[in-house]
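Colleague: Sharing my_file.pdb (PDB, C-alpha atoms and all ligand atoms) below.
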```
MODEL        1
ATOM      1  CA  MET C   1       6.370  13.300   0.516
ATOM      2  CA  ASN C   2       3.669  14.488  -1.814
ATOM      3  CA  ASP C   3       3.901  18.248  -2.259
ATOM      4  CA  LYS C   4       6.349  20.505  -3.984
ATOM      5  CA  ALA C   5       7.271  22.378  -0.818
ATOM      6  CA  ALA C   6       8.468  19.131   0.749
ATOM      7  CA  TRP C   7      10.888  18.136  -1.965
ATOM      8  CA  SER C   8      11.918  21.541  -3.279
ATOM      9  CA  LYS C   9      14.273  21.813  -0.314
ATOM     10  CA  PHE C  10      16.427  19.259  -2.129
ATOM     11  CA  ARG C  11      16.449  20.672  -5.700
ATOM     12  CA  MET C  12      14.482  22.512  -8.390
ATOM     13  CA  PRO C  13      11.543  20.575  -9.855
ATOM     14  CA  THR C  14      11.981  19.031 -13.281
ATOM     15  CA  TRP C  15       9.456  17.630 -15.766
ATOM     16  CA  GLU C  16       9.797  14.150 -14.267
ATOM     17  CA  ASP C  17       8.212  15.489 -11.092
ATOM     18  CA  ASP C  18       4.998  16.173 -12.971
ATOM     19  CA  ILE C  19       4.619  12.463 -13.623
ATOM     20  CA  SER C  20       6.427  10.972 -10.609
ATOM     21  CA  LEU C  21       8.049  12.062  -7.344
ATOM     22  CA  ASN C  22      11.665  12.501  -6.235
ATOM     23  CA  HIS C  23      13.111  10.902  -9.319
ATOM     24  CA  ASP C  24      16.643  11.997  -8.415
ATOM     25  CA  SER C  25      16.505  12.857  -4.727
ATOM     26  CA  LEU C  26      19.951  12.208  -3.337
ATOM     27  CA  ALA C  27      19.434  13.529   0.193
ATOM     28  CA  PRO C  28      20.869  10.958   2.595
ATOM     29  CA  PHE C  29      18.589   8.582   4.485
ATOM     30  CA  GLU C  30      18.292   8.898   8.236
ATOM     31  CA  ASN C  31      17.160   5.408   9.176
ATOM     32  CA  SER C  32      16.409   3.936  12.576
ATOM     33  CA  PRO C  33      18.109   0.721  13.689
ATOM     34  CA  PRO C  34      16.760  -2.655  12.543
ATOM     35  CA  PRO C  35      14.031  -4.481  14.486
ATOM     36  CA  THR C  36      16.667  -6.608  16.226
ATOM     37  CA  GLU C  37      17.859  -3.462  18.018
ATOM     38  CA  ILE C  38      14.538  -1.979  19.141
ATOM     39  CA  PRO C  39      11.917  -3.203  21.652
ATOM     40  CA  VAL C  40       9.491  -4.671  19.119
ATOM     41  CA  GLU C  41       7.708  -7.120  21.422
ATOM     42  CA  LYS C  42       6.338  -4.243  23.485
ATOM     43  CA  PHE C  43       4.157  -3.229  20.542
ATOM     44  CA  LYS C  44       2.709  -6.644  19.782
ATOM     45  CA  THR C  45      -0.852  -5.505  20.120
ATOM     46  CA  ALA C  46      -3.630  -7.901  19.287
ATOM     47  CA  ASP C  47      -5.426  -5.363  17.060
ATOM     48  CA  VAL C  48      -2.400  -5.111  14.733
ATOM     49  CA  LEU C  49      -1.016  -8.644  14.805
ATOM     50  CA  PRO C  50      -3.616 -11.246  15.810
ATOM     51  CA  GLU C  51      -2.053 -14.264  17.503
ATOM     52  CA  GLU C  52      -3.460 -16.701  14.935
ATOM     53  CA  LEU C  53      -1.385 -15.120  12.161
ATOM     54  CA  LEU C  54       1.785 -16.255  13.932
ATOM     55  CA  GLU C  55       0.521 -19.877  13.962
ATOM     56  CA  GLY C  56       2.310 -20.592  17.224
ATOM     57  CA  ARG C  57       5.695 -19.263  16.057
ATOM     58  CA  PRO C  58       7.356 -16.844  18.485
ATOM     59  CA  LEU C  59       7.595 -13.222  17.343
ATOM     60  CA  SER C  60      11.293 -13.242  18.272
ATOM     61  CA  GLU C  61      11.978 -15.574  15.311
ATOM     62  CA  PHE C  62      10.567 -13.033  12.886
ATOM     63  CA  ILE C  63      12.506 -10.209  14.528
ATOM     64  CA  GLN C  64      15.819 -12.088  14.393
ATOM     65  CA  ARG C  65      15.503 -12.691  10.660
ATOM     66  CA  ASP C  66      15.037  -8.999   9.808
ATOM     67  CA  THR C  67      18.331  -7.089   9.832
ATOM     68  CA  TYR C  68      17.289  -4.191   7.583
ATOM     69  CA  PRO C  69      17.079  -0.667   9.009
ATOM     70  CA  ILE C  70      13.710   0.972   9.626
ATOM     71  CA  PRO C  71      13.188   3.941   7.286
ATOM     72  CA  ALA C  72      12.696   7.419   8.761
ATOM     73  CA  LEU C  73       9.149   8.763   9.074
ATOM     74  CA  ASP C  74       9.405  10.862   5.863
ATOM     75  CA  ASP C  75      10.678   7.819   4.008
ATOM     76  CA  ARG C  76       7.797   5.608   5.096
ATOM     77  CA  GLU C  77       4.873   7.823   4.153
ATOM     78  CA  GLY C  78       4.474   9.067   7.721
ATOM     79  CA  TYR C  79       3.410   5.646   8.973
ATOM     80  CA  ASN C  80       3.529   5.091  12.762
ATOM     81  CA  ARG C  81       5.072   8.311  14.027
ATOM     82  CA  ASN C  82       7.386   7.570  16.983
ATOM     83  CA  HIS C  83       6.681   3.871  16.717
ATOM     84  CA  ASP C  84       9.336   2.131  14.641
ATOM     85  CA  ALA C  85       8.328  -1.143  16.257
ATOM     86  CA  ARG C  86       4.728  -0.736  15.221
ATOM     87  CA  PHE C  87       5.848  -0.008  11.655
ATOM     88  CA  PHE C  88       7.642  -3.361  11.684
ATOM     89  CA  ILE C  89       4.645  -5.166  13.194
ATOM     90  CA  THR C  90       2.017  -3.777  10.788
ATOM     91  CA  GLY C  91       4.149  -4.802   7.798
ATOM     92  CA  LEU C  92       4.664  -8.254   9.272
ATOM     93  CA  ALA C  93       0.910  -8.626   9.822
ATOM     94  CA  ASP C  94       0.206  -7.671   6.188
ATOM     95  CA  TYR C  95       2.852 -10.123   4.980
ATOM     96  CA  LEU C  96       1.289 -12.925   7.051
ATOM     97  CA  LYS C  97      -2.212 -12.010   5.863
ATOM     98  CA  ILE C  98      -1.109 -12.309   2.242
ATOM     99  CA  ARG C  99       0.481 -15.695   2.917
ATOM    100  CA  ALA C 100      -2.715 -16.831   4.626
ATOM    101  CA  ALA C 101      -4.865 -15.609   1.713
ATOM    102  CA  ALA C 102      -2.640 -17.423  -0.805
ATOM    103  CA  LYS C 103      -2.982 -20.608   1.250
ATOM    104  CA  LYS C 104      -6.739 -20.216   1.634
ATOM    105  CA  TYR C 105      -7.204 -19.781  -2.123
ATOM    106  CA  ASP C 106      -4.712 -22.467  -3.046
ATOM    107  CA  VAL C 107      -2.140 -20.273  -4.762
ATOM    108  CA  ASP C 108       1.459 -21.499  -4.739
ATOM    109  CA  LEU C 109       3.193 -18.206  -3.961
ATOM    110  CA  GLN C 110       6.401 -18.109  -6.029
ATOM    111  CA  SER C 111       6.138 -14.565  -7.360
ATOM    112  CA  TYR C 112       4.832 -11.459  -5.645
ATOM    113  CA  PHE C 113       4.448  -7.835  -6.721
ATOM    114  CA  ASP C 114       3.648  -4.960  -4.348
ATOM    115  CA  PHE C 115       2.349  -1.969  -6.332
ATOM    116  CA  GLY C 116       2.934   1.356  -4.522
ATOM    117  CA  CYS C 117       5.270  -0.410  -2.123
ATOM    118  CA  ALA C 118       6.903   2.741  -0.631
ATOM    119  CA  SER C 119      10.104   1.793   1.214
ATOM    120  CA  GLY C 120       9.021  -1.811   1.657
ATOM    121  CA  ARG C 121       6.833  -1.821   4.761
ATOM    122  CA  VAL C 122       5.466  -5.158   3.534
ATOM    123  CA  LEU C 123       8.127  -6.200   1.011
ATOM    124  CA  ARG C 124      10.884  -6.233   3.653
ATOM    125  CA  HIS C 125       9.086  -9.180   5.254
ATOM    126  CA  PHE C 126       8.924 -11.074   1.977
ATOM    127  CA  CYS C 127      12.703 -10.567   1.773
ATOM    128  CA  ALA C 128      13.449 -11.433   5.410
ATOM    129  CA  GLN C 129      10.858 -14.091   6.170
ATOM    130  CA  SER C 130      10.487 -16.028   2.915
ATOM    131  CA  GLU C 131      12.467 -17.693   0.173
ATOM    132  CA  ILE C 132       9.979 -16.682  -2.509
ATOM    133  CA  PRO C 133      12.258 -16.317  -5.526
ATOM    134  CA  HIS C 134      10.515 -13.625  -7.557
ATOM    135  CA  LEU C 135       9.824 -10.415  -5.681
ATOM    136  CA  TRP C 136       8.867  -7.119  -7.312
ATOM    137  CA  GLY C 137       7.959  -3.677  -6.019
ATOM    138  CA  SER C 138       7.113  -0.406  -7.701
ATOM    139  CA  ASP C 139       6.353   3.109  -6.578
ATOM    140  CA  ILE C 140       5.836   6.527  -8.091
ATOM    141  CA  ASN C 141       8.256   8.005  -5.533
ATOM    142  CA  GLY C 142      11.847   7.507  -6.695
ATOM    143  CA  ARG C 143      13.233   8.049  -3.223
ATOM    144  CA  HIS C 144      11.412   4.930  -1.988
ATOM    145  CA  ILE C 145      12.929   2.997  -4.864
ATOM    146  CA  ARG C 146      16.392   4.225  -3.943
ATOM    147  CA  TRP C 147      15.790   3.116  -0.336
ATOM    148  CA  LEU C 148      14.846  -0.390  -1.486
ATOM    149  CA  ASN C 149      17.847  -0.577  -3.793
ATOM    150  CA  ASP C 150      20.140   0.500  -0.961
ATOM    151  CA  TYR C 151      18.882  -1.776   1.803
ATOM    152  CA  LEU C 152      16.938  -4.790   0.538
ATOM    153  CA  PRO C 153      18.512  -7.830  -1.145
ATOM    154  CA  GLN C 154      19.116  -8.356  -4.885
ATOM    155  CA  ARG C 155      16.318 -10.924  -5.106
ATOM    156  CA  LEU C 156      13.903  -7.982  -5.019
ATOM    157  CA  LYS C 157      13.477  -6.059  -8.280
ATOM    158  CA  VAL C 158      12.215  -2.519  -7.915
ATOM    159  CA  ILE C 159      10.703  -0.132 -10.432
ATOM    160  CA  HIS C 160      10.219   3.621 -10.308
ATOM    161  CA  ASN C 161       6.980   3.890 -12.245
ATOM    162  CA  ASN C 162       5.184   7.105 -13.228
ATOM    163  CA  CYS C 163       1.544   8.128 -13.262
ATOM    164  CA  VAL C 164       0.890   6.752 -16.754
ATOM    165  CA  PRO C 165      -0.290   3.178 -16.183
ATOM    166  CA  GLN C 166       2.472   0.903 -17.338
ATOM    167  CA  ILE C 167       4.497  -1.580 -15.304
ATOM    168  CA  PRO C 168       7.419  -3.301 -17.050
ATOM    169  CA  ILE C 169       6.720  -6.753 -15.638
ATOM    170  CA  ALA C 170       6.058  -9.698 -17.965
ATOM    171  CA  ASP C 171       2.533 -10.885 -18.772
ATOM    172  CA  HIS C 172       1.146 -13.730 -16.635
ATOM    173  CA  SER C 173       4.204 -13.858 -14.342
ATOM    174  CA  ILE C 174       2.948 -12.978 -10.853
ATOM    175  CA  ASP C 175       1.054 -15.196  -8.375
ATOM    176  CA  VAL C 176      -0.103 -12.447  -6.011
ATOM    177  CA  VAL C 177      -0.227  -8.708  -6.506
ATOM    178  CA  SER C 178      -0.987  -6.308  -3.664
ATOM    179  CA  ALA C 179      -1.575  -2.588  -3.306
ATOM    180  CA  PHE C 180      -1.882  -1.234   0.233
ATOM    181  CA  SER C 181      -3.414   2.260   0.412
ATOM    182  CA  VAL C 182      -2.690   2.935  -3.260
ATOM    183  CA  PHE C 183      -6.077   2.748  -5.007
ATOM    184  CA  THR C 184      -7.258   4.930  -2.119
ATOM    185  CA  HIS C 185      -5.121   7.656  -3.803
ATOM    186  CA  ILE C 186      -5.238   6.939  -7.527
ATOM    187  CA  ASP C 187      -7.537   9.533  -9.066
ATOM    188  CA  THR C 188      -6.800   9.095 -12.764
ATOM    189  CA  PHE C 189      -6.641   6.117 -15.137
ATOM    190  CA  GLU C 190      -7.757   3.633 -12.484
ATOM    191  CA  THR C 191      -9.056   1.102 -15.001
ATOM    192  CA  ALA C 192      -5.731   1.153 -16.863
ATOM    193  CA  TRP C 193      -3.919   0.361 -13.591
ATOM    194  CA  LEU C 194      -6.362  -2.474 -12.936
ATOM    195  CA  ALA C 195      -5.688  -3.771 -16.441
ATOM    196  CA  GLU C 196      -1.936  -3.676 -15.738
ATOM    197  CA  LEU C 197      -2.379  -5.718 -12.559
ATOM    198  CA  TYR C 198      -4.621  -8.107 -14.468
ATOM    199  CA  ARG C 199      -1.997  -8.445 -17.230
ATOM    200  CA  VAL C 200       0.919  -9.312 -14.929
ATOM    201  CA  LEU C 201      -1.047 -11.877 -12.890
ATOM    202  CA  LYS C 202      -0.814 -15.542 -13.815
ATOM    203  CA  PRO C 203      -4.079 -17.325 -14.611
ATOM    204  CA  GLY C 204      -5.671 -18.020 -11.231
ATOM    205  CA  GLY C 205      -3.453 -15.400  -9.533
ATOM    206  CA  LEU C 206      -4.747 -13.282  -6.679
ATOM    207  CA  CYS C 207      -5.026  -9.567  -6.078
ATOM    208  CA  TYR C 208      -5.018  -8.167  -2.534
ATOM    209  CA  LEU C 209      -6.032  -4.503  -2.751
ATOM    210  CA  THR C 210      -7.125  -2.092  -0.043
ATOM    211  CA  VAL C 211      -9.995   0.365  -0.500
ATOM    212  CA  HIS C 212     -12.206   2.911   1.218
ATOM    213  CA  ASN C 213     -15.554   1.222   0.625
ATOM    214  CA  ASP C 214     -19.023   0.867   2.180
ATOM    215  CA  ASP C 215     -17.485  -0.413   5.434
ATOM    216  CA  THR C 216     -15.176   2.622   5.596
ATOM    217  CA  TRP C 217     -18.097   4.950   4.906
ATOM    218  CA  LYS C 218     -20.067   3.431   7.820
ATOM    219  CA  LEU C 219     -17.027   3.756  10.093
ATOM    220  CA  LEU C 220     -16.694   7.404   9.073
ATOM    221  CA  GLN C 221     -20.405   7.993   9.717
ATOM    222  CA  ASN C 222     -19.924   6.759  13.281
ATOM    223  CA  ALA C 223     -16.493   8.298  13.887
ATOM    224  CA  GLY C 224     -15.832  11.031  16.436
ATOM    225  CA  GLU C 225     -14.476  14.339  15.196
ATOM    226  CA  GLU C 226     -10.979  13.412  16.446
ATOM    227  CA  ASN C 227     -10.814  10.575  13.891
ATOM    228  CA  GLY C 228      -7.792  11.157  11.649
ATOM    229  CA  LEU C 229      -9.317   9.971   8.372
ATOM    230  CA  LEU C 230     -12.526  11.926   8.952
ATOM    231  CA  LYS C 231     -10.458  15.050   9.617
ATOM    232  CA  ARG C 232      -8.555  14.536   6.367
ATOM    233  CA  PHE C 233     -11.727  14.168   4.295
ATOM    234  CA  CYS C 234     -13.215  17.260   5.957
ATOM    235  CA  GLN C 235     -10.059  19.269   5.250
ATOM    236  CA  VAL C 236     -10.200  18.294   1.606
ATOM    237  CA  ASP C 237     -13.941  18.882   1.225
ATOM    238  CA  PRO C 238     -15.759  21.154   3.726
ATOM    239  CA  THR C 239     -19.098  19.584   2.712
ATOM    240  CA  PHE C 240     -17.900  16.086   3.605
ATOM    241  CA  GLU C 241     -19.881  15.814   6.851
ATOM    242  CA  GLU C 242     -23.050  16.708   4.934
ATOM    243  CA  GLN C 243     -22.255  13.986   2.373
ATOM    244  CA  LEU C 244     -21.781  11.474   5.179
ATOM    245  CA  LYS C 245     -25.432  11.885   6.180
ATOM    246  CA  LYS C 246     -26.283  10.005   2.974
ATOM    247  CA  ASP C 247     -25.255   6.587   1.701
ATOM    248  CA  ILE C 248     -21.848   6.164   0.068
ATOM    249  CA  PRO C 249     -21.921   7.579  -3.497
ATOM    250  CA  VAL C 250     -22.449   4.694  -5.906
ATOM    251  CA  GLU C 251     -19.889   6.017  -8.366
ATOM    252  CA  ARG C 252     -16.211   6.169  -7.389
ATOM    253  CA  LYS C 253     -15.529   9.536  -5.805
ATOM    254  CA  CYS C 254     -12.184  11.399  -5.746
ATOM    255  CA  TYR C 255     -11.448  14.087  -3.202
ATOM    256  CA  ARG C 256      -8.443  15.978  -4.575
ATOM    257  CA  TYR C 257      -6.265  17.661  -1.977
ATOM    258  CA  THR C 258      -3.844  19.231  -4.453
ATOM    259  CA  ASP C 259      -3.507  19.798  -8.186
ATOM    260  CA  VAL C 260       0.263  19.487  -7.972
ATOM    261  CA  GLY C 261       2.024  16.303  -9.026
ATOM    262  CA  PRO C 262       0.558  12.872  -9.556
ATOM    263  CA  TYR C 263      -0.234  11.794  -5.954
ATOM    264  CA  ARG C 264      -3.027  14.048  -4.872
ATOM    265  CA  ALA C 265      -6.365  12.546  -3.862
ATOM    266  CA  LEU C 266      -8.369  10.483  -1.405
ATOM    267  CA  VAL C 267     -10.653   8.052  -3.210
ATOM    268  CA  VAL C 268     -13.817   6.231  -2.135
ATOM    269  CA  HIS C 269     -15.199   3.135  -3.907
ATOM    270  CA  SER C 270     -18.664   1.740  -3.208
ATOM    271  CA  ASN C 271     -18.988  -2.048  -3.192
ATOM    272  CA  GLU C 272     -21.440  -1.660  -6.080
ATOM    273  CA  TYR C 273     -18.805   0.200  -8.114
ATOM    274  CA  LEU C 274     -16.153  -2.385  -7.212
ATOM    275  CA  GLN C 275     -18.386  -5.195  -8.475
ATOM    276  CA  LYS C 276     -19.313  -3.324 -11.638
ATOM    277  CA  THR C 277     -15.802  -2.148 -12.538
ATOM    278  CA  TRP C 278     -13.107  -4.142 -10.730
ATOM    279  CA  GLY C 279     -15.270  -7.246 -11.091
ATOM    280  CA  ARG C 280     -14.526  -7.215 -14.847
ATOM    281  CA  TYR C 281     -10.888  -8.024 -14.114
ATOM    282  CA  PHE C 282     -11.169 -10.105 -10.964
ATOM    283  CA  ASP C 283     -13.694 -12.510  -9.497
ATOM    284  CA  ILE C 284     -14.186 -10.801  -6.173
ATOM    285  CA  LEU C 285     -13.707 -13.522  -3.563
ATOM    286  CA  GLU C 286     -14.042 -11.358  -0.466
ATOM    287  CA  ILE C 287     -14.211  -7.789   0.668
ATOM    288  CA  ARG C 288     -12.990  -7.785   4.264
ATOM    289  CA  GLY C 289     -14.242  -4.743   6.151
ATOM    290  CA  LYS C 290     -11.832  -2.919   8.456
ATOM    291  CA  ALA C 291      -9.076  -5.343   7.506
ATOM    292  CA  HIS C 292      -6.356  -2.794   6.809
ATOM    293  CA  GLY C 293      -5.450  -0.156   9.350
ATOM    294  CA  TYR C 294      -8.466   1.138  11.207
ATOM    295  CA  MET C 295     -10.624   2.196   8.289
ATOM    296  CA  GLN C 296      -9.709   0.441   5.036
ATOM    297  CA  SER C 297     -11.098  -2.793   3.622
ATOM    298  CA  VAL C 298      -9.268  -5.489   1.691
ATOM    299  CA  LEU C 299     -10.566  -6.772  -1.624
ATOM    300  CA  ILE C 300      -9.282 -10.217  -2.514
ATOM    301  CA  GLY C 301      -9.895 -11.214  -6.114
ATOM    302  CA  ARG C 302      -8.851 -13.888  -8.562
ATOM    303  CA  LYS C 303      -7.823 -13.003 -12.104
ATOM    304  CA  LYS C 304     -10.759 -13.676 -14.380
ATOM    305  CA  GLY C 305     -10.169 -16.411 -16.928
TER     306      GLY C 305
HETATM  307  C1  LIG C 401      -0.267   5.598   1.604
HETATM  308  S1  LIG C 401       1.210   5.075   0.848
HETATM  309  C2  LIG C 401       1.241   3.333   1.175
HETATM  310  C3  LIG C 401       2.603   2.755   1.019
HETATM  311  C4  LIG C 401       2.717   1.250   1.175
HETATM  312  N1  LIG C 401       1.876   0.543   0.227
HETATM  313  C5  LIG C 401       2.412   0.822   2.584
HETATM  314  O1  LIG C 401       1.344   0.232   2.805
HETATM  315  O2  LIG C 401       3.216   1.088   3.461
HETATM  316  C6  LIG C 401       0.780   5.119  -0.867
HETATM  317  C7  LIG C 401       1.947   4.776  -1.757
HETATM  318  O3  LIG C 401       1.494   4.679  -3.093
HETATM  319  C8  LIG C 401       2.408   5.343  -3.936
HETATM  320  N2  LIG C 401       1.652   5.715  -5.143
HETATM  321  C9  LIG C 401       0.641   6.592  -5.271
HETATM  322  N3  LIG C 401       0.217   6.613  -6.541
HETATM  323  C10 LIG C 401       0.962   5.704  -7.218
HETATM  324  C11 LIG C 401       0.999   5.242  -8.577
HETATM  325  N4  LIG C 401       0.188   5.730  -9.506
HETATM  326  N5  LIG C 401       1.898   4.299  -8.902
HETATM  327  C12 LIG C 401       2.737   3.776  -7.967
HETATM  328  N6  LIG C 401       2.759   4.186  -6.687
HETATM  329  C13 LIG C 401       1.870   5.125  -6.321
HETATM  330  C14 LIG C 401       2.925   6.501  -3.115
HETATM  331  O4  LIG C 401       4.156   7.019  -3.555
HETATM  332  C15 LIG C 401       3.055   5.828  -1.744
HETATM  333  O5  LIG C 401       4.292   5.223  -1.550
ENDMDL
END
```
Rewrite the structure of this file - the entire thing - as structure tokens.
Ligand SMILES: C[S@@+](CC[C@H](N)C(=O)[O-])C[C@H]1O[C@@H](n2cnc3c(N)ncnc32)[C@H](O)[C@@H]1O
Modeller:
Amino acid sequence: MNDKAAWSKFRMPTWEDDISLNHDSLAPFENSPPPTEIPVEKFKTADVLPEELLEGRPLSEFIQRDTYPIPALDDREGYNRNHDARFFITGLADYLKIRAAAKKYDVDLQSYFDFGCASGRVLRHFCAQSEIPHLWGSDINGRHIRWLNDYLPQRLKVIHNNCVPQIPIADHSIDVVSAFSVFTHIDTFETAWLAELYRVLKPGGLCYLTVHNDDTWKLLQNAGEENGLLKRFCQVDPTFEEQLKKDIPVERKCYRYTDVGPYRALVVHSNEYLQKTWGRYFDILEIRGKAHGYMQSVLIGRKKG
């Protein structure tokens, strides 16, 4: 939930809501049953979970290990309306992609931090599918943090952070940090957030961060008007279709959809900007086009020495 109307049904806003969301929302959760009780295999579509990620292991093994409930639509950022199974599968795919990236770049994955983790779409798989001892998640939405505290195991440590860039995780302690669809929304203090991720990573550690970049811009240029992301950009900025006739703006561009609260924009990063700015913190190993959802790219970087 990211607007005042949505959460004011629970209580009056307080100052904490100016710098975070739902810091004390106590409305009960209305979860769906765990993956073991829903027809997950039906949704095993090749575009979401490529066969090679499973490395020959049957999907049923992954399903059996995950006994946590599936959060309700409002408690999972609206992901996969009416498709609890797909929500499970996309998170599993992202988990497996991170494991594959760690293997490819020779990182022994013993500690993992998911920044902007929501209610654990990806983290739940680290809990259910791995024995990785040090798991961390943080989000600006306190309700997500309460969900994780209620349903995921003690091995996971969760933090309700606010919009001022500061994460209370020790220096040089994390092997891989991820942020799925988070820098696509951070409009202020981006470099300070990057510096925080840089600080917590161990030497040689990896970042796995999704962005709207040159690849996304090209996809938007060729998208039909029914495309969901294109519609969102056009709602936020009526001149967006005109802008799309040109190349992606070289400088990072924020499209603010509200001035309320700290979670309020769609953000676009050109590859040139990523190299110039993010490249100061991370050696950019790859930018994989269309590697997250239908429109986002994944930047994989290694902490600079
Ligand atoms: C589009 S959702 C993606 C959630 C999750 N990463 C996933 O892939 O399912 C963006 C998430 O980032 C969180 N967020 C936005 N700005 C944040 C910030 N400055 N610090 C931490 N979390 C933030 C939101 O609360 C939300 O949970």
Colleague: Counting only C-alpha atoms, what is within 9 Å of C:Leu285, bar same-chain residues fewer than 4 positions away, as a ChimeraX atom specification?
Modeller: /C:299-302
Colleague: Mind pulling up the distance from atom CA of C:Leu123 to atom CA of C:Gly228?
Modeller: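 Taking atom CA of C:Gly228 as the start and atom CA of C:Leu123 as the end point, the length is 25.8 Å.
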Colleague: Would you compute, for all listed atoms of ligand LIG 401 (chain C), the axis-aligned bounding box grown by 3 Å on each side, and then report its centre and edge lengths in Å rounded to one decimal, as AutoDock Vina command-line options?
Modeller:
```
--center_x 2.0 --center_y 3.6 --center_z -3.0 --size_x 10.6 --size_y 12.8 --size_z 19.0
```
Colleague: From the options C:Leu152, C:Met295, C:Ile132, C:Cys117, which residue's atoms come nearest to ligand LIG 401 (chain C), counting all atoms listed in the file?
Modeller: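 Once distances to ligand LIG 401 (chain C) are computed over all atoms listed in the file, the minimum belongs to C:Cys117.
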Colleague: Enumerate residues in contact with ligand LIG 401 (chain C): an atom-to-atom distance of at most 9 Å, counting all atoms listed in the file. Format the result as a VMD selection string.
Modeller: chain C and resid 1 to 2 20 to 21 75 to 79 87 90 to 91 94 114 to 122 138 to 142 144 160 to 165 178 to 190 193 262 to 264
Colleague: Would you save the residues from that selection as a PDB file, in the frame of the given file, using C-alpha atoms?
Modeller:
```pdb
ATOM      1  CA  MET C   1       6.370  13.300   0.516  1.00  0.00           C
ATOM      2  CA  ASN C   2       3.669  14.488  -1.814  1.00  0.00           C
ATOM      3  CA  SER C  20       6.427  10.972 -10.609  1.00  0.00           C
ATOM      4  CA  LEU C  21       8.049  12.062  -7.344  1.00  0.00           C
ATOM      5  CA  ASP C  75      10.678   7.819   4.008  1.00  0.00           C
ATOM      6  CA  ARG C  76       7.797   5.608   5.096  1.00  0.00           C
ATOM      7  CA  GLU C  77       4.873   7.823   4.153  1.00  0.00           C
ATOM      8  CA  GLY C  78       4.474   9.067   7.721  1.00  0.00           C
ATOM      9  CA  TYR C  79       3.410   5.646   8.973  1.00  0.00           C
ATOM     10  CA  PHE C  87       5.848  -0.008  11.655  1.00  0.00           C
ATOM     11  CA  THR C  90       2.017  -3.777  10.788  1.00  0.00           C
ATOM     12  CA  GLY C  91       4.149  -4.802   7.798  1.00  0.00           C
ATOM     13  CA  ASP C  94       0.206  -7.671   6.188  1.00  0.00           C
ATOM     14  CA  ASP C 114       3.648  -4.960  -4.348  1.00  0.00           C
ATOM     15  CA  PHE C 115       2.349  -1.969  -6.332  1.00  0.00           C
ATOM     16  CA  GLY C 116       2.934   1.356  -4.522  1.00  0.00           C
ATOM     17  CA  CYS C 117       5.270  -0.410  -2.123  1.00  0.00           C
ATOM     18  CA  ALA C 118       6.903   2.741  -0.631  1.00  0.00           C
ATOM     19  CA  SER C 119      10.104   1.793   1.214  1.00  0.00           C
ATOM     20  CA  GLY C 120       9.021  -1.811   1.657  1.00  0.00           C
ATOM     21  CA  ARG C 121       6.833  -1.821   4.761  1.00  0.00           C
ATOM     22  CA  VAL C 122       5.466  -5.158   3.534  1.00  0.00           C
ATOM     23  CA  SER C 138       7.113  -0.406  -7.701  1.00  0.00           C
ATOM     24  CA  ASP C 139       6.353   3.109  -6.578  1.00  0.00           C
ATOM     25  CA  ILE C 140       5.836   6.527  -8.091  1.00  0.00           C
ATOM     26  CA  ASN C 141       8.256   8.005  -5.533  1.00  0.00           C
ATOM     27  CA  GLY C 142      11.847   7.507  -6.695  1.00  0.00           C
ATOM     28  CA  HIS C 144      11.412   4.930  -1.988  1.00  0.00           C
ATOM     29  CA  HIS C 160      10.219   3.621 -10.308  1.00  0.00           C
ATOM     30  CA  ASN C 161       6.980   3.890 -12.245  1.00  0.00           C
ATOM     31  CA  ASN C 162       5.184   7.105 -13.228  1.00  0.00           C
ATOM     32  CA  CYS C 163       1.544   8.128 -13.262  1.00  0.00           C
ATOM     33  CA  VAL C 164       0.890   6.752 -16.754  1.00  0.00           C
ATOM     34  CA  PRO C 165      -0.290   3.178 -16.183  1.00  0.00           C
ATOM     35  CA  SER C 178      -0.987  -6.308  -3.664  1.00  0.00           C
ATOM     36  CA  ALA C 179      -1.575  -2.588  -3.306  1.00  0.00           C
ATOM     37  CA  PHE C 180      -1.882  -1.234   0.233  1.00  0.00           C
ATOM     38  CA  SER C 181      -3.414   2.260   0.412  1.00  0.00           C
ATOM     39  CA  VAL C 182      -2.690   2.935  -3.260  1.00  0.00           C
ATOM     40  CA  PHE C 183      -6.077   2.748  -5.007  1.00  0.00           C
ATOM     41  CA  THR C 184      -7.258   4.930  -2.119  1.00  0.00           C
ATOM     42  CA  HIS C 185      -5.121   7.656  -3.803  1.00  0.00           C
ATOM     43  CA  ILE C 186      -5.238   6.939  -7.527  1.00  0.00           C
ATOM     44  CA  ASP C 187      -7.537   9.533  -9.066  1.00  0.00           C
ATOM     45  CA  THR C 188      -6.800   9.095 -12.764  1.00  0.00           C
ATOM     46  CA  PHE C 189      -6.641   6.117 -15.137  1.00  0.00           C
ATOM     47  CA  GLU C 190      -7.757   3.633 -12.484  1.00  0.00           C
ATOM     48  CA  TRP C 193      -3.919   0.361 -13.591  1.00  0.00           C
ATOM     49  CA  PRO C 262       0.558  12.872  -9.556  1.00  0.00           C
ATOM     50  CA  TYR C 263      -0.234  11.794  -5.954  1.00  0.00           C
ATOM     51  CA  ARG C 264      -3.027  14.048  -4.872  1.00  0.00           C
TER      52      ARG C 264
END
```
Colleague: Hey, can you check how far atom CA of C:Leu230 sits from atom CA of C:Arg81?
Modeller: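 Computed distance, atom CA of C:Leu230 to atom CA of C:Arg81, equals 18.7 Å.
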Colleague: When distances are computed from only C-alpha atoms, which of C:Gly293, C:Asp215, C:Ala192, C:Lys246 shows the smallest separation from C:Trp278?
Modeller: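 Answer, going by the shortest atom-to-atom distance: C:Ala192.
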Colleague: When you count only C-alpha atoms, which of these residues is closest to C:Pro28: C:Leu135, C:Arg65, C:Arg143, C:Phe88?
Modeller: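 Smallest separation from C:Pro28 among the options: C:Arg143.
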